[in-house]
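**Student:** This is the structure, below, for whatever I ask next.
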Amino acid sequence: MTKFDSQQRQQQQQPQQALHHDAVTSRRKTSSISHLRRALIGTAAVAAGVFVWQSGAFAFGAEDAVVIAAPKLDEPSTGARTETAVFAGGCFWGVQGVFQHVKGVTKAESGYAGGTAKTADYETVSTGSTGHAESVQVTFDPQQVSYGKLLQIYFSVAHNPTEVNRQGPDSGTQYRSAVFPMTDAQRQVATAYIAQLDASHAYNKPIATKVEKYTGFYAAETYHQDFLTEHPTYPYIVINDLPKVKDLKRIFPTQYRDSPVLVKTASTK
């Protein structure tokens with residue numbers, strides 16, 4: 001399944017993006033589209049009272065946070081002030097939104113990882129045939145937040161790591177749970193933490209997250225960046241993603257910051 005009909009996203013953004021969608025509509029008609037996403041998009045166009053009813057009907061799409069122990073193994077301090085990590089956990093809107101509220105994160109950018117530059121665009125990735133996963137590249141200060149702590153947040157509140165090729169209402173390999181280590185140290189920490197979580201039976205199913213080879217990160221289109229912050233009343237965001245930010249504040253109060261670090265704000269400095 002594709003994520004959902006991107007025409008609805010693009011019409012909220014720039015006119016040329018909507019025109020781009022029109023150019024590929026005939027190709028995308030061959031793809032199956034999430035019935036839930038269709039319903040949510042329809043909800044956005046109806047009266048507030050109907051939206052409340054629909055929200056209750058589709059609330060099953062939200063993923064519940066799980067309180068888990070911190071990693072026993074974390075990266076040793078090197079004195080560096082900047083490090084980068086890449087995480088995939090379903091729709092990048094919510095994953096980006098969570099990490100943008102983490103202290104020590106200086107940038108969290110939505111994009112694609114696992115495939116090649118040639119196919120790193122939303123329309124093509126949404127076919128599920130490119131090898132890409134919707135991902136978030138997190139730039140952070142390891143003196144303020146460690147890689148292990150980011151992994152704990154990722155597994156606890158950013159997504160459900162037991163889902164195979166899906167998250168909530170979205171399904172397909174582009175929504176898989178994956179970590180793309182940038183260094184050997186990150187790979188060791190991620191691999192050990194997955195084993196630790198499985199051994200602790202923190203979840204009712206085995207961890208499905210794969211530690212994959214990093215081959216590059218490709219930033220997503222501008223209209224995807226900072227989507228949670230820019231569209232806080234969008235039905236999909238309300239139902240699936242805002243609860244994640246609330247869980248971050250509740251479960252990780254010392255790591256939470258109220259003002260998110262935004263991609264578009266950073267790019268204008």
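Chain lettering (A, B, ...) mirrors the order of the structure tokens, residue numbering begins at 1 for each chain separately, and ligand numbering begins at 1 in order of display.
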Select from region 122-155 of chain A every residue with an atom at most 6 Å from any atom of region 66-90 of chain A, then for each give the shortest pair of atoms and their distance in Å to one decimal, using only C-alpha atoms, rows by chain and rising number, as a tab-separated table.
**Tutor:**
residue	atom	partner	partner_atom	distance
A:Glu134	CA	A:Ala88	CA	5.9
A:Ser135	CA	A:Ala88	CA	4.2
A:Val136	CA	A:Phe87	CA	5.4
A:Gln137	CA	A:Val86	CA	4.5
A:Val138	CA	A:Ala85	CA	5.1
A:Thr139	CA	A:Thr84	CA	4.5
A:Phe140	CA	A:Glu83	CA	5.4
A:Asp141	CA	A:Thr82	CA	4.8
A:Pro142	CA	A:Arg81	CA	5.9
A:Gly148	CA	A:Asp74	CA	5.1
A:Gln152	CA	A:Ala70	CA	5.9
**Student:** Quick one: residues within 8 Å of region 99-110 of chain A, only C-alpha atoms, excluding same-chain residues fewer than 3 positions away - as a PyMOL selection string?
**Tutor:** chain A and resi 92-93+95-96+134-145+219-220+224-225+245+255-263+266
**Student:** For the residues in the current selection, export N, CA and C atoms as a PDB file, in the first residue's frame.
**Tutor:**
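Result file follows (result-v4.pdb):
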ATOM      1  N   PHE A  92       7.399   9.312   8.204  1.00  0.00           N
ATOM      2  CA  PHE A  92       8.438  10.159   8.802  1.00  0.00           C
ATOM      3  C   PHE A  92       7.900  11.410   9.478  1.00  0.00           C
ATOM      4  N   TRP A  93       6.650  11.784   9.253  1.00  0.00           N
ATOM      5  CA  TRP A  93       6.083  12.960   9.918  1.00  0.00           C
ATOM      6  C   TRP A  93       6.211  12.847  11.441  1.00  0.00           C
ATOM      7  N   VAL A  95       7.935  10.539  13.318  1.00  0.00           N
ATOM      8  CA  VAL A  95       9.285  10.268  13.811  1.00  0.00           C
ATOM      9  C   VAL A  95      10.087  11.569  13.856  1.00  0.00           C
ATOM     10  N   GLN A  96       9.972  12.371  12.800  1.00  0.00           N
ATOM     11  CA  GLN A  96      10.638  13.668  12.787  1.00  0.00           C
ATOM     12  C   GLN A  96      10.126  14.548  13.928  1.00  0.00           C
ATOM     13  N   GLU A 134      10.990   5.304   4.572  1.00  0.00           N
ATOM     14  CA  GLU A 134      10.827   6.672   5.045  1.00  0.00           C
ATOM     15  C   GLU A 134      11.629   6.787   6.339  1.00  0.00           C
ATOM     16  N   SER A 135      12.549   7.719   6.388  1.00  0.00           N
ATOM     17  CA  SER A 135      13.514   7.792   7.475  1.00  0.00           C
ATOM     18  C   SER A 135      13.674   9.215   7.981  1.00  0.00           C
ATOM     19  N   VAL A 136      14.354   9.328   9.101  1.00  0.00           N
ATOM     20  CA  VAL A 136      14.680  10.639   9.664  1.00  0.00           C
ATOM     21  C   VAL A 136      16.162  10.652  10.015  1.00  0.00           C
ATOM     22  N   GLN A 137      16.853  11.646   9.490  1.00  0.00           N
ATOM     23  CA  GLN A 137      18.261  11.835   9.821  1.00  0.00           C
ATOM     24  C   GLN A 137      18.349  12.810  10.987  1.00  0.00           C
ATOM     25  N   VAL A 138      18.907  12.337  12.084  1.00  0.00           N
ATOM     26  CA  VAL A 138      18.973  13.119  13.317  1.00  0.00           C
ATOM     27  C   VAL A 138      20.408  13.580  13.555  1.00  0.00           C
ATOM     28  N   THR A 139      20.602  14.887  13.584  1.00  0.00           N
ATOM     29  CA  THR A 139      21.890  15.460  13.946  1.00  0.00           C
ATOM     30  C   THR A 139      21.803  15.886  15.407  1.00  0.00           C
ATOM     31  N   PHE A 140      22.783  15.465  16.218  1.00  0.00           N
ATOM     32  CA  PHE A 140      22.664  15.700  17.656  1.00  0.00           C
ATOM     33  C   PHE A 140      24.022  15.962  18.293  1.00  0.00           C
ATOM     34  N   ASP A 141      23.975  16.530  19.474  1.00  0.00           N
ATOM     35  CA  ASP A 141      25.168  16.783  20.275  1.00  0.00           C
ATOM     36  C   ASP A 141      25.294  15.651  21.282  1.00  0.00           C
ATOM     37  N   PRO A 142      26.253  14.729  21.096  1.00  0.00           N
ATOM     38  CA  PRO A 142      26.378  13.584  22.012  1.00  0.00           C
ATOM     39  C   PRO A 142      26.762  13.974  23.431  1.00  0.00           C
ATOM     40  N   GLN A 143      27.150  15.238  23.637  1.00  0.00           N
ATOM     41  CA  GLN A 143      27.415  15.702  24.990  1.00  0.00           C
ATOM     42  C   GLN A 143      26.104  15.985  25.737  1.00  0.00           C
ATOM     43  N   GLN A 144      25.015  16.150  24.984  1.00  0.00           N
ATOM     44  CA  GLN A 144      23.718  16.425  25.586  1.00  0.00           C
ATOM     45  C   GLN A 144      22.787  15.220  25.558  1.00  0.00           C
ATOM     46  N   VAL A 145      22.839  14.456  24.494  1.00  0.00           N
ATOM     47  CA  VAL A 145      22.001  13.260  24.373  1.00  0.00           C
ATOM     48  C   VAL A 145      22.804  12.198  23.632  1.00  0.00           C
ATOM     49  N   ALA A 219      17.208  13.698   1.474  1.00  0.00           N
ATOM     50  CA  ALA A 219      16.174  14.517   2.088  1.00  0.00           C
ATOM     51  C   ALA A 219      14.870  14.453   1.305  1.00  0.00           C
ATOM     52  N   ALA A 220      13.766  14.414   2.030  1.00  0.00           N
ATOM     53  CA  ALA A 220      12.444  14.405   1.399  1.00  0.00           C
ATOM     54  C   ALA A 220      12.085  15.795   0.886  1.00  0.00           C
ATOM     55  N   HIS A 224       7.206  17.947   3.004  1.00  0.00           N
ATOM     56  CA  HIS A 224       7.171  16.940   4.069  1.00  0.00           C
ATOM     57  C   HIS A 224       7.864  17.425   5.340  1.00  0.00           C
ATOM     58  N   GLN A 225       8.755  18.386   5.235  1.00  0.00           N
ATOM     59  CA  GLN A 225       9.542  18.819   6.382  1.00  0.00           C
ATOM     60  C   GLN A 225       8.691  19.613   7.377  1.00  0.00           C
ATOM     61  N   VAL A 245       4.398  12.727  20.628  1.00  0.00           N
ATOM     62  CA  VAL A 245       5.071  13.868  21.247  1.00  0.00           C
ATOM     63  C   VAL A 245       4.653  13.979  22.716  1.00  0.00           C
ATOM     64  N   GLN A 255      14.464  14.832  28.775  1.00  0.00           N
ATOM     65  CA  GLN A 255      14.951  14.940  27.401  1.00  0.00           C
ATOM     66  C   GLN A 255      14.035  15.812  26.524  1.00  0.00           C
ATOM     67  N   TYR A 256      12.852  16.122  27.037  1.00  0.00           N
ATOM     68  CA  TYR A 256      11.856  16.837  26.229  1.00  0.00           C
ATOM     69  C   TYR A 256      12.105  18.342  26.224  1.00  0.00           C
ATOM     70  N   ARG A 257      11.914  18.939  25.071  1.00  0.00           N
ATOM     71  CA  ARG A 257      11.908  20.401  24.986  1.00  0.00           C
ATOM     72  C   ARG A 257      10.642  20.835  24.265  1.00  0.00           C
ATOM     73  N   ASP A 258      10.067  21.905  24.728  1.00  0.00           N
ATOM     74  CA  ASP A 258       8.775  22.339  24.216  1.00  0.00           C
ATOM     75  C   ASP A 258       8.858  22.899  22.797  1.00  0.00           C
ATOM     76  N   SER A 259       9.892  23.667  22.501  1.00  0.00           N
ATOM     77  CA  SER A 259      10.028  24.280  21.175  1.00  0.00           C
ATOM     78  C   SER A 259      10.828  23.355  20.261  1.00  0.00           C
ATOM     79  N   PRO A 260      10.223  22.867  19.178  1.00  0.00           N
ATOM     80  CA  PRO A 260      10.933  21.949  18.286  1.00  0.00           C
ATOM     81  C   PRO A 260      11.988  22.661  17.454  1.00  0.00           C
ATOM     82  N   VAL A 261      13.034  21.936  17.092  1.00  0.00           N
ATOM     83  CA  VAL A 261      14.036  22.468  16.175  1.00  0.00           C
ATOM     84  C   VAL A 261      13.577  22.114  14.758  1.00  0.00           C
ATOM     85  N   LEU A 262      13.321  23.124  13.946  1.00  0.00           N
ATOM     86  CA  LEU A 262      12.696  22.913  12.653  1.00  0.00           C
ATOM     87  C   LEU A 262      13.694  22.991  11.505  1.00  0.00           C
ATOM     88  N   VAL A 263      13.458  22.187  10.487  1.00  0.00           N
ATOM     89  CA  VAL A 263      14.319  22.163   9.312  1.00  0.00           C
ATOM     90  C   VAL A 263      14.242  23.485   8.568  1.00  0.00           C
ATOM     91  N   ALA A 266      15.976  26.351  10.393  1.00  0.00           N
ATOM     92  CA  ALA A 266      17.428  26.220  10.352  1.00  0.00           C
ATOM     93  C   ALA A 266      17.979  26.601   8.982  1.00  0.00           C
TER      94      ALA A 266
END
**Student:** Using DSSP on the backbone coordinates, identify the residues of region 62-167 of chain A assigned to helix (DSSP H, G or I); present them as a CSV table (one decimal) with N, CA, C and O atoms, in the first residue's frame.
**Tutor:**
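Output contents, as saved in part_24.csv:
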chain,number,residue,atom,x,y,z
A,92,PHE,N,7.4,9.3,8.2
A,92,PHE,CA,8.4,10.2,8.8
A,92,PHE,C,7.9,11.4,9.5
A,92,PHE,O,8.6,12.1,10.2
A,93,TRP,N,6.7,11.8,9.3
A,93,TRP,CA,6.1,13.0,9.9
A,93,TRP,C,6.2,12.8,11.4
A,93,TRP,O,6.7,13.8,12.1
A,94,GLY,N,5.7,11.7,12.0
A,94,GLY,CA,5.7,11.6,13.4
A,94,GLY,C,7.1,11.3,14.0
A,94,GLY,O,7.4,11.8,15.1
A,95,VAL,N,7.9,10.5,13.3
A,95,VAL,CA,9.3,10.3,13.8
A,95,VAL,C,10.1,11.6,13.9
A,95,VAL,O,10.8,11.9,14.8
A,96,GLN,N,10.0,12.4,12.8
A,96,GLN,CA,10.6,13.7,12.8
A,96,GLN,C,10.1,14.5,13.9
A,96,GLN,O,10.9,15.2,14.7
A,97,GLY,N,8.8,14.6,14.1
A,97,GLY,CA,8.2,15.4,15.1
A,97,GLY,C,8.7,15.1,16.5
A,97,GLY,O,8.9,15.9,17.3
A,98,VAL,N,8.9,13.8,16.8
A,98,VAL,CA,9.4,13.3,18.1
A,98,VAL,C,10.8,13.9,18.3
A,98,VAL,O,11.1,14.5,19.3
A,99,PHE,N,11.7,13.6,17.4
A,99,PHE,CA,13.1,13.9,17.6
A,99,PHE,C,13.3,15.4,17.6
A,99,PHE,O,14.3,15.9,18.2
A,117,ALA,N,19.9,7.2,-5.0
A,117,ALA,CA,19.5,8.6,-5.2
A,117,ALA,C,18.5,8.7,-6.3
A,117,ALA,O,17.6,9.5,-6.3
A,118,LYS,N,18.6,7.8,-7.3
A,118,LYS,CA,17.7,7.9,-8.5
A,118,LYS,C,16.3,7.7,-8.2
A,118,LYS,O,15.4,8.3,-8.8
A,119,THR,N,16.0,6.9,-7.1
A,119,THR,CA,14.6,6.6,-6.8
A,119,THR,C,14.1,7.3,-5.5
A,119,THR,O,13.1,7.0,-5.0
A,122,TYR,N,9.2,10.9,-3.3
A,122,TYR,CA,8.0,10.4,-2.6
A,122,TYR,C,7.2,9.5,-3.5
A,122,TYR,O,6.7,8.4,-3.1
A,123,GLU,N,6.9,10.0,-4.7
A,123,GLU,CA,6.0,9.2,-5.6
A,123,GLU,C,6.6,7.8,-5.8
A,123,GLU,O,5.9,6.8,-5.8
A,124,THR,N,7.9,7.7,-6.1
A,124,THR,CA,8.5,6.4,-6.4
A,124,THR,C,8.7,5.6,-5.2
A,124,THR,O,8.4,4.4,-5.2
A,125,VAL,N,9.1,6.2,-4.1
A,125,VAL,CA,9.3,5.4,-2.8
A,125,VAL,C,7.9,4.8,-2.4
A,125,VAL,O,7.9,3.7,-1.9
A,147,TYR,N,23.7,8.5,21.7
A,147,TYR,CA,23.0,7.7,20.6
A,147,TYR,C,22.1,6.6,21.3
A,147,TYR,O,21.0,6.3,20.8
A,148,GLY,N,22.6,6.1,22.4
A,148,GLY,CA,21.8,5.1,23.1
A,148,GLY,C,20.4,5.7,23.6
A,148,GLY,O,19.4,5.0,23.5
A,149,LYS,N,20.5,6.9,24.1
A,149,LYS,CA,19.2,7.5,24.5
A,149,LYS,C,18.3,7.8,23.4
A,149,LYS,O,17.1,7.6,23.5
A,150,LEU,N,18.8,8.2,22.2
A,150,LEU,CA,18.0,8.3,21.0
A,150,LEU,C,17.4,7.0,20.6
A,150,LEU,O,16.2,7.0,20.2
A,151,LEU,N,18.1,5.9,20.7
A,151,LEU,CA,17.5,4.6,20.4
A,151,LEU,C,16.4,4.3,21.4
A,151,LEU,O,15.4,3.7,21.0
A,152,GLN,N,16.6,4.6,22.7
A,152,GLN,CA,15.6,4.3,23.7
A,152,GLN,C,14.3,5.1,23.3
A,152,GLN,O,13.2,4.5,23.4
A,153,ILE,N,14.4,6.3,22.9
A,153,ILE,CA,13.2,7.1,22.5
A,153,ILE,C,12.6,6.6,21.3
A,153,ILE,O,11.4,6.5,21.1
A,154,TYR,N,13.4,6.2,20.3
A,154,TYR,CA,13.0,5.6,19.1
A,154,TYR,C,12.2,4.3,19.3
A,154,TYR,O,11.1,4.2,18.8
A,155,PHE,N,12.7,3.4,20.2
A,155,PHE,CA,11.9,2.2,20.4
A,155,PHE,C,10.8,2.4,21.3
A,155,PHE,O,9.8,1.6,21.3
A,156,SER,N,10.8,3.4,22.2
A,156,SER,CA,9.8,3.6,23.2
A,156,SER,C,8.5,4.3,22.7
A,156,SER,O,7.4,3.9,22.9
A,157,VAL,N,8.8,5.5,22.1
A,157,VAL,CA,7.7,6.4,21.7
A,157,VAL,C,7.5,6.7,20.3
A,157,VAL,O,6.5,7.1,19.8
A,158,ALA,N,8.6,6.6,19.5
A,158,ALA,CA,8.6,7.1,18.1
A,158,ALA,C,7.9,6.1,17.2
A,158,ALA,O,7.3,6.6,16.1
**Student:** Counting only C-alpha atoms, figure out which residue out of A:Leu248, A:Ser171, A:Met182, A:Thr127 gets nearest to Phe217 (chain A).
**Tutor:**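 Among the listed residues, A:Met182 lies closest to Phe217 (chain A).
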**Student:** Nearest residue to Tyr175 (chain A) out of A:Ala208, A:Ile239, A:Ala192, A:Leu197, using only C-alpha atoms?
**Tutor:**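 For Tyr175 (chain A), the nearest of the given residues is A:Ala208.
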**Student:** For a quick check of understanding, using only C-alpha atoms, which of A:Val211, A:Gly114, A:Asn240, A:Thr130 has the smallest distance to Asp184 (chain A)?
**Tutor:** A:Val211
**Student:** CA of Thr183 (chain A) to CA of Lys213 (chain A): how many Å, to one decimal?
**Tutor:**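 So the two atoms, CA of Thr183 (chain A) and CA of Lys213 (chain A), lie 10.0 Å apart.
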**Student:** Between A:Cys91, A:Ser126, A:Leu228, A:Phe180, which has the minimum distance to Arg166 (chain A) (counting only C-alpha atoms)?
**Tutor:**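 Once distances to Arg166 (chain A) are computed over only C-alpha atoms, the minimum belongs to A:Cys91.
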